[in-house]
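Q: Okay, handing you the structure first.
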Amino acid sequence: MKQLFTKTLLATLMGGVIALSGCSQPTSNDSPGSTTTSPSLLVPKERLAIYHEVPLTADLTHLSENQRAMLSLLIDASVIMDNLFWQQAFHENKTDFLASLTDPAIRRFADINYGPWDRLNGDRPFLSGYEEKAPGAEFYPHDITKDAFNKASFADKDGLYSIVRYDDAGNLTSIPYSEAYAAPLQKAAELLRKASELADNPAFANYLSLRADALLSDDYLASDMAWMDMKTNPIELVIGPIESYEDQLFGYRAAFEAYVLIKDMAWSEKLAKYAQFLPELQRGLPVPDAYKQETPGSDADLNAYDVIYYAGHSNAGSKTIAINLPNDERVQLEKGTRRLQLKNAMQAKFDHILAPIADVLIAPEQREHVTFNAFFANTMFHEVAHGLGIKNTLDGKQTVRAALKEHASALEEGKADILGLYMVQSLLEKGEITEGTLKDYYVTFMAGIFRSVRFGASSAHGKANMIRFNYFAEAGAFDRDEQGLYSVNMDKMSAAVASLSERILTLQGDGDYAGVAALVADKGVIKPQLAGDLERLASASIPVDIVFDQGKAQLGLK
């Protein structure tokens with residue numbers, strides 16, 4: 001049973017940073033958050049080797065001295081985001097917690113997972129002395145129930161940029177991030193302003209300055225708009241509280257993260273043409289007109305990057321290989337979104353994970369259809385497809401995200417995957433995609449399901465893949481032979497893509513929370529046969545994901 005917060009003021013402001021206490025503490029007689037001995041491992045030692053280490057480097061020789069100095073500042077600011085995410089994910093002090101782990105392999109695994117819970121195994125504790133992870137992480141008091149929260153009335157109740165605590169009278173209240181994390185956010189803002197002075201690109205300098213302001217005001221709209229206006233900057237930064245996946249209680253609160261990236265100009269030019277097809281593809285979606293009445297922003301763009309630093313939520317557990325932002329529906333409807341394809345991270349996952357998976361689980365006659373180009377395109381169109389569909393429920397009362405609460409992220413990821421395939425098929429038929437065949441994209445997509453479903457039920461992407469796998473299985477979209485090898489049934493796959501697209505888009509447009517909850521309960525699970533097939537991947541020592549050896553030293557920066 002979880003240890004519970006007492007209904008008192010559970011956090012005090014110390015140096016501008018919330019000092020947290022609560023459940024998921026070690027179950028010992030020591031003071032909260034402390035242990036006298038190193039915890040023991042609850043999982044087989046082999047589990048610690050599920051991540052393949054990849055050096056994160058890039059060619060920086062074309063950058064000026066100012067740009068290299070700016071990169072150093074951006075990485076420093078990203079490190080602050082990393083430390084803030086630790087506080088949002090786990091109540092114990094990062095340095096003390098990691099120092100308590102004497103085994104280097106265990107310490108490394110805990111560092112990757114930002115705490116004692118295995119993010120790719122349903123957030124189960126892998127160390128003794130820790131209870132299950134609180135669904136609301138450190139965003140809410142751990143003893144809060146959904147019913148009590150829903151009945152409470154206080155300012156910024158479902159806000160993206162605040163934490164929820166009890167006040168002195170025992171009532172729920174919210175504390176803005178800019179207050180809860182004041183000191184580190186002030187330091188990060190200072191670093192971004194210094195970086196803006198070194199930026200050769202005026203639009204990027206403006207974005208950095210506005211983003212610094214946003215960190216201190218909790219108002220990210222102006223900086224999101226400025227980020228959408230950047231087109232020619234060779235260096236890119238995504239930073240701040242962005243995704244709400246860590247909040248598995250309601251899906252309201254955003255977690256801190258950062259990416260520092262170098263734009264691949266040649267690949268970006270190659271991809272630029274696809275964004276223009278969004279309005280046309282929106283009109284062709286396989287749903288009634290009411291569910292596609294919104295017009296995607298026409299200012300969306302698509303680019304390729306080499307990522308040189310991950311921090312915070314983006315670095316926890318499974319590593320992101322593509323980004324679609326901003327999440328603000330106001331920006332999406334006015335300007336669209338930007339899609340960032342992280343090419344070097346994709347290549348690492350394809351080489352070390354996806355291709356080996358195909359050798360184990362895909363029928364020999366279809367393995368040649370698993371290609372990097374198809375993997376890149378499927379990932380790319382997944383991100384583009386986030387711009388399709390509908391952002392507000394048909395009744396006009398709220399956003400889809402607010403209506404579907406904790407299930408919103410998983411369903412949105414499922415939508416993006418399935419509509420990404422719809423886009424590929426449509427653009428192949430139009431002759432706009434000229435590389436490969438539809439079979440390449442379908443078979444690579446099938447292999448990709450096995451890759452992503454290993455992320456587990458605590459991941460929105462993993463849950464989305466479980467739903468899709470079980471839906472495809474019931475629709476006969478793939479066959480499995482007596483040797484446990486899979487092959488795609490092309491005709492049934494196309495039909496399944498269309499029907500699942502319609503179902504997801506309808507659930508979103510209706511804001512049907514109960515319908516989505518039923519879909520997740522029915523199909524968001526790994527069934528015994530699939531579990532056995534995934535065990536074959538583990539037996540073949542195929543890593544589940546990658547982890548980066550990253551930082552200034554890797555890049556030759558001061």
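Identifiers for the structure tokens are assigned positionally: chains receive A, B, ... in sequence, residues are indexed from 1 per chain, and ligands are indexed from 1 in the order shown.
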Please return, as JSON, numbers by chain, all residues of stretch 375-463 of chain A that DSSP assigns to alpha helix (DSSP H) on the basis of the backbone.

A: {"A": [375, 376, 377, 378, 379, 380, 381, 382, 383, 384, 385, 400, 401, 402, 403, 404, 408, 409, 410, 411, 412, 413, 414, 415, 416, 417, 418, 419, 420, 421, 422, 423, 424, 425, 426, 427, 428, 429, 430, 438, 439, 440, 441, 442, 443, 444, 445, 446, 447, 448, 449, 450, 451, 452, 453, 460, 461, 462, 463]}

Q: Please list as a VMD selection string every residue within 6 Å of stretch 299-313 of chain A, counting only C-alpha atoms and excluding residues in the same chain fewer than 3 positions away.

A: chain A and resid 56 to 57 78 81 to 82 85 256 to 264 267 to 268 272 275 316 335 to 344

Q: Residues of the last selection are to be written out with C-alpha atoms, as a short mmCIF file (atom, residue, chain, number, x, y, z; two decimals), in the first residue's frame.

A:
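File produced: selection-v7.cif:
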```cif
data_model
loop_
_atom_site.label_atom_id
_atom_site.label_comp_id
_atom_site.auth_asym_id
_atom_site.auth_seq_id
_atom_site.Cartn_x
_atom_site.Cartn_y
_atom_site.Cartn_z
CA LEU A 56 26.06 11.52 -29.27
CA THR A 57 28.26 13.55 -31.56
CA SER A 78 19.46 22.03 -20.60
CA MET A 81 15.93 21.30 -17.14
CA ASP A 82 17.31 17.83 -16.41
CA PHE A 85 12.64 16.98 -14.20
CA PHE A 256 10.72 19.94 -18.03
CA GLU A 257 12.92 18.81 -20.90
CA ALA A 258 15.35 20.06 -23.53
CA TYR A 259 16.92 19.14 -26.86
CA VAL A 260 19.92 20.87 -28.43
CA LEU A 261 20.06 20.23 -32.18
CA ILE A 262 22.02 20.98 -35.35
CA LYS A 263 19.95 21.35 -38.51
CA ASP A 264 20.72 19.07 -41.47
CA TRP A 267 17.78 16.61 -45.62
CA SER A 268 15.53 19.46 -44.49
CA ALA A 272 10.09 20.65 -46.91
CA ALA A 275 3.86 20.03 -45.11
CA ALA A 316 14.07 9.50 -19.41
CA LYS A 335 0.44 28.49 -37.50
CA GLY A 336 0.45 24.70 -37.47
CA THR A 337 3.39 22.88 -35.91
CA ARG A 338 7.04 22.21 -36.59
CA ARG A 339 8.25 18.63 -37.04
CA LEU A 340 11.82 17.86 -36.10
CA GLN A 341 13.23 14.53 -37.24
CA LEU A 342 16.25 13.47 -35.16
CA LYS A 343 18.13 11.67 -37.88
CA ASN A 344 21.20 10.47 -35.97
#
```

Q: So that I can check the surroundings of stretch 363-373 of chain A, please list as a tab-separated table (two decimals) with C-alpha atoms, in the first residue's frame every protein, DNA and RNA residue that reaches within 10 Å of it, counting only C-alpha atoms and ignoring chain neighbours fewer than 6 positions away.

A:
```tsv
chain	number	residue	atom	x	y	z
A	346	MET	CA	16.79	7.34	-35.69
A	347	GLN	CA	19.76	5.75	-37.41
A	349	LYS	CA	17.68	2.84	-33.27
A	350	PHE	CA	17.33	1.34	-36.73
A	351	ASP	CA	20.83	-0.18	-36.74
A	354	LEU	CA	14.79	-2.36	-35.54
A	355	ALA	CA	16.90	-4.31	-38.05
A	379	THR	CA	8.40	8.41	-38.05
A	435	GLU	CA	11.16	5.97	-52.68
A	436	GLY	CA	10.06	2.40	-51.96
A	437	THR	CA	6.69	0.70	-52.10
A	438	LEU	CA	3.72	0.66	-49.76
A	439	LYS	CA	4.85	-2.80	-48.67
A	440	ASP	CA	8.14	-1.30	-47.43
A	441	TYR	CA	6.25	1.16	-45.23
A	442	TYR	CA	3.77	-1.42	-43.93
A	443	VAL	CA	6.35	-4.10	-43.08
A	444	THR	CA	8.69	-1.55	-41.49
A	445	PHE	CA	5.71	-0.23	-39.52
A	446	MET	CA	4.95	-3.77	-38.33
A	447	ALA	CA	8.52	-4.23	-37.13
A	448	GLY	CA	8.28	-0.82	-35.49
A	479	ASP	CA	-0.25	-13.41	-40.25
A	480	ARG	CA	1.85	-15.35	-37.76
A	481	ASP	CA	3.21	-18.73	-38.86
A	483	GLN	CA	7.60	-20.50	-36.24
A	484	GLY	CA	6.25	-17.29	-34.75
A	485	LEU	CA	7.25	-15.18	-37.78
A	486	TYR	CA	5.02	-12.31	-38.88
A	487	SER	CA	4.07	-11.15	-42.35
A	488	VAL	CA	1.81	-8.29	-43.40
```

Q: Using only C-alpha atoms, tabulate the residues of stretch 278-346 of chain A lying at most 12 Å from any atom of stretch 205-220 of chain A, each with its closest atom pair and that distance in Å to one decimal, by chain and increasing residue number, as JSON lines.

A:
```
{"residue": "A:Pro326", "atom": "CA", "partner": "A:Tyr220", "partner_atom": "CA", "distance": 9.8}
{"residue": "A:Asn327", "atom": "CA", "partner": "A:Tyr220", "partner_atom": "CA", "distance": 10.7}
{"residue": "A:Asp328", "atom": "CA", "partner": "A:Tyr220", "partner_atom": "CA", "distance": 9.0}
{"residue": "A:Arg330", "atom": "CA", "partner": "A:Tyr220", "partner_atom": "CA", "distance": 11.5}
{"residue": "A:Val331", "atom": "CA", "partner": "A:Tyr220", "partner_atom": "CA", "distance": 10.6}
```

Q: Based on the selection just made, write N, CA and C atoms of those residues as a PDB file, in the first residue's frame.

A:
```pdb
ATOM      1  N   PRO A 326       4.513  23.301 -31.442  1.00  0.00           N
ATOM      2  CA  PRO A 326       4.105  23.340 -30.040  1.00  0.00           C
ATOM      3  C   PRO A 326       2.826  22.534 -29.793  1.00  0.00           C
ATOM      4  N   ASN A 327       2.568  22.250 -28.517  1.00  0.00           N
ATOM      5  CA  ASN A 327       1.349  21.540 -28.142  1.00  0.00           C
ATOM      6  C   ASN A 327       0.152  22.477 -27.980  1.00  0.00           C
ATOM      7  N   ASP A 328       0.405  23.766 -27.856  1.00  0.00           N
ATOM      8  CA  ASP A 328      -0.663  24.742 -27.640  1.00  0.00           C
ATOM      9  C   ASP A 328      -1.611  24.757 -28.840  1.00  0.00           C
ATOM     10  N   ARG A 330      -3.835  26.778 -29.681  1.00  0.00           N
ATOM     11  CA  ARG A 330      -3.965  28.105 -30.294  1.00  0.00           C
ATOM     12  C   ARG A 330      -2.902  28.307 -31.367  1.00  0.00           C
ATOM     13  N   VAL A 331      -1.697  27.879 -31.075  1.00  0.00           N
ATOM     14  CA  VAL A 331      -0.608  28.005 -32.043  1.00  0.00           C
ATOM     15  C   VAL A 331      -0.831  27.054 -33.210  1.00  0.00           C
TER      16      VAL A 331
END
```

Q: If we count only C-alpha atoms and set the cut-off at 8 Å, which residues sit around A:Asp549, ignoring sequence neighbours fewer than 2 positions away in its own chain? Please answer as JSON, numbers by chain.

A: {"A": [53, 54, 55, 56, 547, 551, 554]}

Q: Take the residues from that selection and put them in a file with N, CA and C atoms, as a CSV table (one decimal), in the first residue's frame.

A:
```csv
chain,number,residue,atom,x,y,z
A,53,GLU,N,24.4,1.8,-25.5
A,53,GLU,CA,25.0,3.1,-25.4
A,53,GLU,C,25.5,3.6,-26.8
A,54,VAL,N,25.2,4.8,-27.1
A,54,VAL,CA,25.5,5.4,-28.4
A,54,VAL,C,26.2,6.8,-28.1
A,55,PRO,N,27.4,7.0,-28.6
A,55,PRO,CA,28.0,8.4,-28.5
A,55,PRO,C,27.2,9.4,-29.2
A,56,LEU,N,26.9,10.5,-28.6
A,56,LEU,CA,26.1,11.5,-29.3
A,56,LEU,C,27.0,12.6,-29.7
A,547,VAL,N,20.8,4.6,-25.1
A,547,VAL,CA,21.1,5.7,-24.1
A,547,VAL,C,22.4,6.4,-24.6
A,551,GLY,N,27.4,15.2,-24.0
A,551,GLY,CA,27.9,16.3,-23.2
A,551,GLY,C,28.9,17.1,-24.0
A,554,GLN,N,32.1,15.2,-25.3
A,554,GLN,CA,31.8,14.5,-26.6
A,554,GLN,C,31.9,15.4,-27.8
```

Q: Just give me the gap between atom CA of A:Ala473 and atom CA of A:Asp491 in Å, one decimal is fine.

A: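 About the pair atom CA of A:Ala473 and atom CA of A:Asp491: they are 13.7 Å apart.
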
Q: With DSSP run on the backbone, what are the strand (DSSP E or B) residues within stretch 398-524 of chain A? I'd like them as a CSV table (one decimal) with C-alpha atoms, in the first residue's frame.

A:
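Saved the output as states-v1.csv:
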```
chain,number,residue,atom,x,y,z
A,399,THR,CA,-10.0,20.6,-26.1
A,478,PHE,CA,-0.8,-9.7,-40.3
A,479,ASP,CA,-0.3,-13.4,-40.3
A,480,ARG,CA,1.9,-15.3,-37.8
A,486,TYR,CA,5.0,-12.3,-38.9
A,487,SER,CA,4.1,-11.2,-42.3
A,488,VAL,CA,1.8,-8.3,-43.4
```

Q: If you measure from atom CA of A:Gly524 to atom CA of A:Ala402, what distance in Å do you get, rounded to one decimal?

A: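 Atom CA of A:Ala402 lies at a distance of 20.5 Å from atom CA of A:Gly524.
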